[in-house]
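Below is the file query03.cif, which contains mmCIF, C-alpha atoms.
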```cif
data_upload
loop_
_atom_site.label_atom_id
_atom_site.label_comp_id
_atom_site.auth_asym_id
_atom_site.auth_seq_id
_atom_site.Cartn_x
_atom_site.Cartn_y
_atom_site.Cartn_z
CA MET A 66 14.67 -100.13 -9.53
CA THR A 67 11.93 -97.87 -10.78
CA GLU A 68 12.66 -94.48 -12.19
CA ARG A 69 11.54 -91.53 -10.13
CA GLY A 70 8.60 -89.58 -11.48
CA PRO A 71 8.55 -85.78 -11.64
CA ARG A 72 7.11 -85.40 -8.13
CA GLU A 73 9.80 -87.56 -6.51
CA ARG A 74 12.51 -85.86 -8.54
CA MET A 75 11.33 -82.44 -7.38
CA VAL A 76 11.32 -83.49 -3.71
CA PHE A 77 14.82 -84.95 -4.08
CA SER A 78 16.04 -81.89 -5.98
CA ALA A 79 14.60 -79.54 -3.38
CA ALA A 80 16.47 -81.44 -0.66
CA GLN A 81 19.71 -81.22 -2.65
CA LEU A 82 19.32 -77.50 -3.32
CA ILE A 83 18.31 -76.74 0.28
CA ARG A 84 21.37 -78.55 1.60
CA ARG A 85 23.55 -76.38 -0.64
CA ASP A 86 21.74 -73.04 -0.74
CA GLY A 87 19.28 -73.01 2.18
CA VAL A 88 15.53 -72.55 2.00
CA THR A 89 15.46 -68.87 1.13
CA ALA A 90 17.86 -69.16 -1.81
CA THR A 91 16.20 -72.27 -3.23
CA GLY A 92 13.83 -71.07 -5.91
CA LEU A 93 11.00 -73.09 -7.36
CA ARG A 94 12.29 -72.64 -10.90
CA ASP A 95 15.67 -73.93 -9.73
CA VAL A 96 14.00 -77.05 -8.33
CA VAL A 97 12.09 -77.68 -11.55
CA ALA A 98 15.26 -77.25 -13.63
CA HIS A 99 17.35 -79.44 -11.30
CA ALA A 100 14.66 -82.15 -11.38
CA ASP A 101 14.25 -81.87 -15.14
CA ALA A 102 10.52 -81.70 -14.50
CA PRO A 103 7.80 -80.02 -16.54
CA ARG A 104 7.16 -76.46 -15.32
CA GLY A 105 3.44 -77.00 -14.83
CA SER A 106 4.03 -80.02 -12.63
CA LEU A 107 5.05 -77.89 -9.66
CA ALA A 108 1.57 -76.46 -9.10
CA HIS A 109 0.02 -79.83 -9.86
CA TYR A 110 2.06 -81.81 -7.33
CA PHE A 111 2.58 -79.06 -4.75
CA PRO A 112 -0.58 -76.96 -4.51
CA GLY A 113 0.77 -75.65 -1.19
CA GLY A 114 3.66 -74.06 -3.08
CA LYS A 115 7.20 -73.74 -1.83
CA GLU A 116 6.27 -74.44 1.79
CA GLN A 117 4.78 -77.82 0.89
CA LEU A 118 7.76 -78.70 -1.30
CA VAL A 119 10.27 -77.69 1.39
CA ASN A 120 8.40 -79.67 4.03
CA GLU A 121 8.33 -82.75 1.84
CA ALA A 122 12.04 -82.36 1.07
CA VAL A 123 12.76 -82.17 4.81
CA ASP A 124 10.58 -85.25 5.38
CA TRP A 125 12.51 -87.08 2.66
CA ALA A 126 15.83 -86.12 4.26
CA GLY A 127 14.69 -87.49 7.63
CA TRP A 128 13.59 -90.72 5.95
CA TYR A 129 16.92 -90.98 4.12
CA ALA A 130 18.96 -90.47 7.31
CA ALA A 131 16.83 -93.00 9.20
CA ASN A 132 17.29 -95.63 6.48
CA ARG A 133 21.05 -95.14 6.49
CA ILE A 134 21.24 -96.53 10.04
CA ASP A 135 20.51 -100.10 8.88
CA ARG A 136 23.15 -99.75 6.17
CA PHE A 137 25.70 -98.55 8.69
CA LEU A 138 24.89 -101.46 11.00
CA ALA A 139 25.17 -103.95 8.14
CA GLY A 140 28.67 -102.65 7.43
CA LEU A 141 29.91 -103.23 10.97
CA ALA A 142 31.56 -106.55 11.84
CA ARG A 143 30.66 -105.94 15.49
CA ALA A 144 28.17 -103.21 16.23
CA THR A 145 28.80 -100.93 19.18
CA PRO A 146 27.37 -97.47 19.82
CA GLY A 147 30.76 -95.87 19.17
CA ARG A 148 31.24 -97.78 15.92
CA LEU A 149 27.75 -96.84 14.74
CA PHE A 150 28.50 -93.19 15.46
CA ALA A 151 31.86 -93.47 13.68
CA ALA A 152 30.03 -94.85 10.61
CA MET A 153 27.58 -91.94 10.72
CA VAL A 154 30.51 -89.52 10.87
CA ARG A 155 32.41 -91.35 8.14
CA GLN A 156 29.52 -90.80 5.72
CA TRP A 157 30.13 -87.05 6.09
CA THR A 158 33.93 -87.12 6.06
CA ASP A 159 33.78 -89.22 2.89
CA GLU A 160 31.21 -86.91 1.33
CA PHE A 161 33.16 -83.77 2.16
CA ALA A 162 36.35 -85.36 0.77
CA ALA A 163 34.52 -86.22 -2.46
CA ILE A 164 32.49 -83.06 -3.11
CA GLY A 165 33.84 -80.35 -0.82
CA TYR A 166 32.20 -78.45 2.00
CA ASP A 167 29.47 -76.58 0.17
CA GLN A 168 26.62 -78.94 1.10
CA GLY A 169 25.30 -79.95 4.49
CA CYS A 170 22.23 -81.55 5.97
CA PRO A 171 18.96 -80.30 4.42
CA VAL A 172 17.12 -80.72 7.74
CA ALA A 173 19.63 -78.52 9.53
CA ALA A 174 19.55 -76.02 6.67
CA ALA A 175 15.77 -75.78 6.89
CA THR A 176 15.93 -75.48 10.67
CA VAL A 177 18.35 -72.55 10.79
CA ASP A 178 16.88 -70.56 7.90
CA ALA A 179 15.17 -67.49 9.35
CA SER A 180 12.45 -67.58 6.70
CA VAL A 181 11.06 -70.99 7.58
CA THR A 182 7.49 -71.35 8.73
CA ALA A 183 6.08 -73.13 11.74
CA SER A 184 5.12 -76.07 9.52
CA THR A 185 8.69 -76.36 8.24
CA ARG A 186 10.05 -76.28 11.78
CA ALA A 187 7.56 -79.04 12.63
CA ALA A 188 8.70 -81.02 9.58
CA ALA A 189 12.32 -80.62 10.69
CA ALA A 190 11.48 -81.75 14.23
CA ALA A 191 9.69 -84.80 12.79
CA ALA A 192 12.66 -85.55 10.50
CA PHE A 193 15.08 -85.45 13.42
CA ALA A 194 12.74 -87.71 15.43
CA ALA A 195 12.51 -90.12 12.48
CA TRP A 196 16.32 -90.24 12.36
CA ARG A 197 16.75 -90.74 16.11
CA ALA A 198 14.22 -93.60 16.33
CA PRO A 199 16.23 -96.27 14.45
CA ILE A 200 19.38 -95.16 16.24
CA ALA A 201 17.68 -95.66 19.61
CA ARG A 202 16.38 -99.08 18.52
CA ALA A 203 19.86 -100.09 17.37
CA LEU A 204 21.37 -98.92 20.65
CA VAL A 205 18.90 -101.03 22.64
CA GLY A 206 19.89 -103.99 20.48
CA MET A 207 23.52 -103.34 21.40
CA GLY A 208 22.75 -103.41 25.11
CA VAL A 209 22.06 -99.77 25.90
CA PRO A 210 19.19 -99.58 28.42
CA ALA A 211 15.95 -98.43 26.79
CA ARG A 212 15.71 -95.52 29.26
CA LYS A 213 19.05 -94.17 27.91
CA ALA A 214 18.75 -95.05 24.22
CA THR A 215 16.71 -92.04 23.09
CA SER A 216 18.98 -89.65 24.98
CA ALA A 217 22.06 -91.29 23.47
CA ALA A 218 20.52 -91.09 19.99
CA THR A 219 19.81 -87.39 20.53
CA LEU A 220 23.42 -86.90 21.63
CA MET A 221 24.67 -88.66 18.51
CA VAL A 222 22.53 -86.65 16.08
CA SER A 223 23.24 -83.37 17.87
CA ALA A 224 26.99 -83.95 17.94
CA LEU A 225 27.01 -84.97 14.30
CA GLU A 226 24.98 -81.96 13.16
CA GLY A 227 27.17 -79.57 15.14
CA ALA A 228 30.34 -81.14 13.75
CA ILE A 229 28.95 -80.88 10.20
CA LEU A 230 28.39 -77.15 10.69
CA ILE A 231 31.87 -76.62 12.11
CA ALA A 232 33.44 -78.73 9.33
CA ARG A 233 31.68 -76.62 6.71
CA ALA A 234 32.80 -73.38 8.36
CA GLU A 235 36.41 -74.55 8.76
CA ARG A 236 36.40 -76.45 5.46
CA SER A 237 38.05 -79.29 7.32
CA PRO A 238 36.94 -82.69 8.68
CA ARG A 239 38.68 -81.97 11.99
CA ALA A 240 35.48 -81.39 13.99
CA LEU A 241 33.95 -84.60 12.65
CA THR A 242 36.94 -86.77 13.42
CA THR A 243 37.27 -85.17 16.85
CA VAL A 244 33.65 -85.75 17.81
CA ALA A 245 33.83 -89.40 16.66
CA ARG A 246 37.02 -90.02 18.62
CA GLU A 247 35.83 -88.29 21.80
CA LEU A 248 32.21 -89.43 21.82
CA GLY A 249 32.80 -93.08 20.87
CA PRO A 250 34.03 -94.26 24.29
CA LEU A 251 31.26 -92.36 26.08
CA LEU A 252 28.62 -94.01 23.87
CA ASP A 253 30.17 -97.46 24.36
CA GLY A 254 30.00 -96.82 28.11
CA TYR A 255 26.19 -96.84 27.92
CA VAL A 256 26.19 -100.57 27.14
CA ILE A 257 25.22 -102.77 30.09
CA ARG A 258 27.49 -105.80 30.08
#
```

Serialized structure, structure tokens:
Amino acid sequence: MTERGPRERMVFSAAQLIRRDGVTATGLRDVVAHADAPRGSLAHYFPGGKEQLVNEAVDWAGWYAANRIDRFLAGLARATPGRLFAAMVRQWTDEFAAIGYDQGCPVAAATVDASVTASTRAAAAAAFAAWRAPIARALVGMGVPARKATSAATLMVSALEGAILIARAERSPRALTTVARELGPLLDGYVIR
């Protein structure tokens, strides 16, 4: 595995700080310090400033979420839509149990921040689309009709994001476990047998 260079570290660090603090509270100096990057590298790699860095961090987060889908599927003995969704939820219940409720999804954080620009909203929309695409493909592979797969993927991402927000507010995994339990049978019902 290759070591990340300063640019990659800053994008990753921005995503981590945004998921904890939001866009407005994430300062460029904080990103440079978190990434252990040279101060001058920020202007070199991100001539568009904070907006460019935030957008790239949001893009990275969408890519990361999309790539997790294959890992979730690989961990399932028998893949079903409900089991895939339960694996997606379990990532968050495990994370909250390990590190607490102070960090959420960087894409959601960028979306709800009142200070974000049109380009950041577009980056967030693209990140959500990038995340839904492999879910929809996986659902089709499980027997969900193609005409329903994108809608089901949207339902899964939306329910997960909402449950993450509620879990953070309540400082409890209850919303996550509830949504997995209640949505699983509905998702499995999409499969044509």

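The residues caught by the PyMOL selection byres ((chain A and resi 242) around 9) in this file are Ala151, Val154, Arg155, Thr158, Ala228, Pro238, Arg239, Ala240, Leu241, Thr243, Val244, Ala245, Arg246 and Glu247 of chain A.
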
(request) Check what the PyMOL selection byres ((chain A and resi 74) around 12) selects in the file above and give those residues as a ChimeraX atom specification. (result) /A:68-73,75-82,96-103,106-107,110,118,121-122,125

Explicit residue set for the PyMOL selection byres ((chain A and resi 161) around 12), as a compact mmCIF listing (two decimals) with C-alpha atoms, keeping the file's coordinate frame:
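Saved result, result21.txt, follows:
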```
# COMPACT_ATOMS: atom_id res chain seq x y z
CA VAL A 154 30.51 -89.52 10.87
CA ARG A 155 32.41 -91.35 8.14
CA GLN A 156 29.52 -90.80 5.72
CA TRP A 157 30.13 -87.05 6.09
CA THR A 158 33.93 -87.12 6.06
CA ASP A 159 33.78 -89.22 2.89
CA GLU A 160 31.21 -86.91 1.33
CA ALA A 162 36.35 -85.36 0.77
CA ALA A 163 34.52 -86.22 -2.46
CA ILE A 164 32.49 -83.06 -3.11
CA GLY A 165 33.84 -80.35 -0.82
CA TYR A 166 32.20 -78.45 2.00
CA ASP A 167 29.47 -76.58 0.17
CA GLN A 168 26.62 -78.94 1.10
CA GLY A 169 25.30 -79.95 4.49
CA CYS A 170 22.23 -81.55 5.97
CA ILE A 229 28.95 -80.88 10.20
CA LEU A 230 28.39 -77.15 10.69
CA ALA A 232 33.44 -78.73 9.33
CA ARG A 233 31.68 -76.62 6.71
CA GLU A 235 36.41 -74.55 8.76
CA ARG A 236 36.40 -76.45 5.46
CA SER A 237 38.05 -79.29 7.32
CA PRO A 238 36.94 -82.69 8.68
CA ARG A 239 38.68 -81.97 11.99
CA LEU A 241 33.95 -84.60 12.65
```

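Rounded to one decimal, atom CA of A:Arg94 and atom CA of A:Lys115 lie 10.5 Å from each other.
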
(request) Excluding A:Val123 and residues on its chain fewer than 6 positions from it, collect all residues at most 7 Å away from it, counting all atoms listed in the file, and give them as a list of chain:residue names. (result) A:Ala80, A:Pro171, A:Val172, A:Ala188, A:Ala189, A:Ala192

Centre and size of axis-aligned box enclosing stretch 152-155 of chain A plus 6 Å each side, as AutoDock Vina command-line options:
```
--center_x 30.0 --center_y -92.2 --center_z 9.5 --size_x 16.8 --size_y 17.3 --size_z 14.7
```

(request) Would you work out the distance separating atom CA of A:Asp135 from atom CA of A:Arg197, expressed in Å to one decimal? (result) 12.4 Å

(request) Show which residues sit within 8 Å of A:Phe137, as a PyMOL selection string. Count all atoms listed in the file, and ignore same-chain residues fewer than 2 positions away. (result) chain A and resi 133-135+139-141+149+152-153

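For the pair atom CA of A:Leu248 and atom CA of A:Glu226, the interatomic distance is 13.5 Å.
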
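Of the listed residues (A:Glu116, A:Leu93, A:Ala173, A:Lys213), A:Lys213 comes nearest to A:Val256; the distances count all atoms listed in the file.
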
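Using only C-alpha atoms, the protein and nucleic acid residues lying no more than 9 Å from stretch 142-145 of chain A, apart from those fewer than 6 places from it along its own chain, are Ala203, Leu204, Met207, Gly208, Gly249, Leu252, Asp253 and Val256 of chain A.
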
Based on the selection just made, write C-alpha atoms of those residues as an mmCIF file, in the coordinates of the input.
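For reference, again20.cif as written:
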```cif
data_model
loop_
_atom_site.group_PDB
_atom_site.id
_atom_site.type_symbol
_atom_site.label_atom_id
_atom_site.label_comp_id
_atom_site.auth_asym_id
_atom_site.auth_seq_id
_atom_site.Cartn_x
_atom_site.Cartn_y
_atom_site.Cartn_z
ATOM 1 C CA ALA A 203 19.860 -100.090 17.370
ATOM 2 C CA LEU A 204 21.370 -98.920 20.650
ATOM 3 C CA MET A 207 23.520 -103.340 21.400
ATOM 4 C CA GLY A 208 22.750 -103.410 25.110
ATOM 5 C CA GLY A 249 32.800 -93.080 20.870
ATOM 6 C CA LEU A 252 28.620 -94.010 23.870
ATOM 7 C CA ASP A 253 30.170 -97.460 24.360
ATOM 8 C CA VAL A 256 26.190 -100.570 27.140
#
```

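For the residues A:Val119, A:Ile231, A:Ile257, A:Ile83, ranking by smallest atom-to-atom distance to A:Thr185 using all atoms listed in the file places A:Val119 first.
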
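The closest residue to A:Ala175, picked from A:Val222, A:Ala217, A:Ala211, A:Ala90 and counting all atoms listed in the file, is A:Ala90.
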
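In this comparison, which uses only C-alpha atoms, the residue of A:His109, A:Trp196, A:Leu225, A:Ala179 approaching A:Trp128 most closely is A:Trp196.
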
Residues near A:Asp178, cut-off 9 Å, all atoms listed in the file, skip fewer than 4 positions along chain, as a JSON list (two decimals) with C-alpha atoms, in the frame of the given file:
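Done, and the output landed in selection_10.json:
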```
[["chain", "number", "residue", "atom", "x", "y", "z"],
["A", 87, "GLY", "CA", 19.28, -73.01, 2.18],
["A", 88, "VAL", "CA", 15.53, -72.55, 2.00],
["A", 89, "THR", "CA", 15.46, -68.87, 1.13],
["A", 173, "ALA", "CA", 19.63, -78.52, 9.53],
["A", 174, "ALA", "CA", 19.55, -76.02, 6.67]]
```
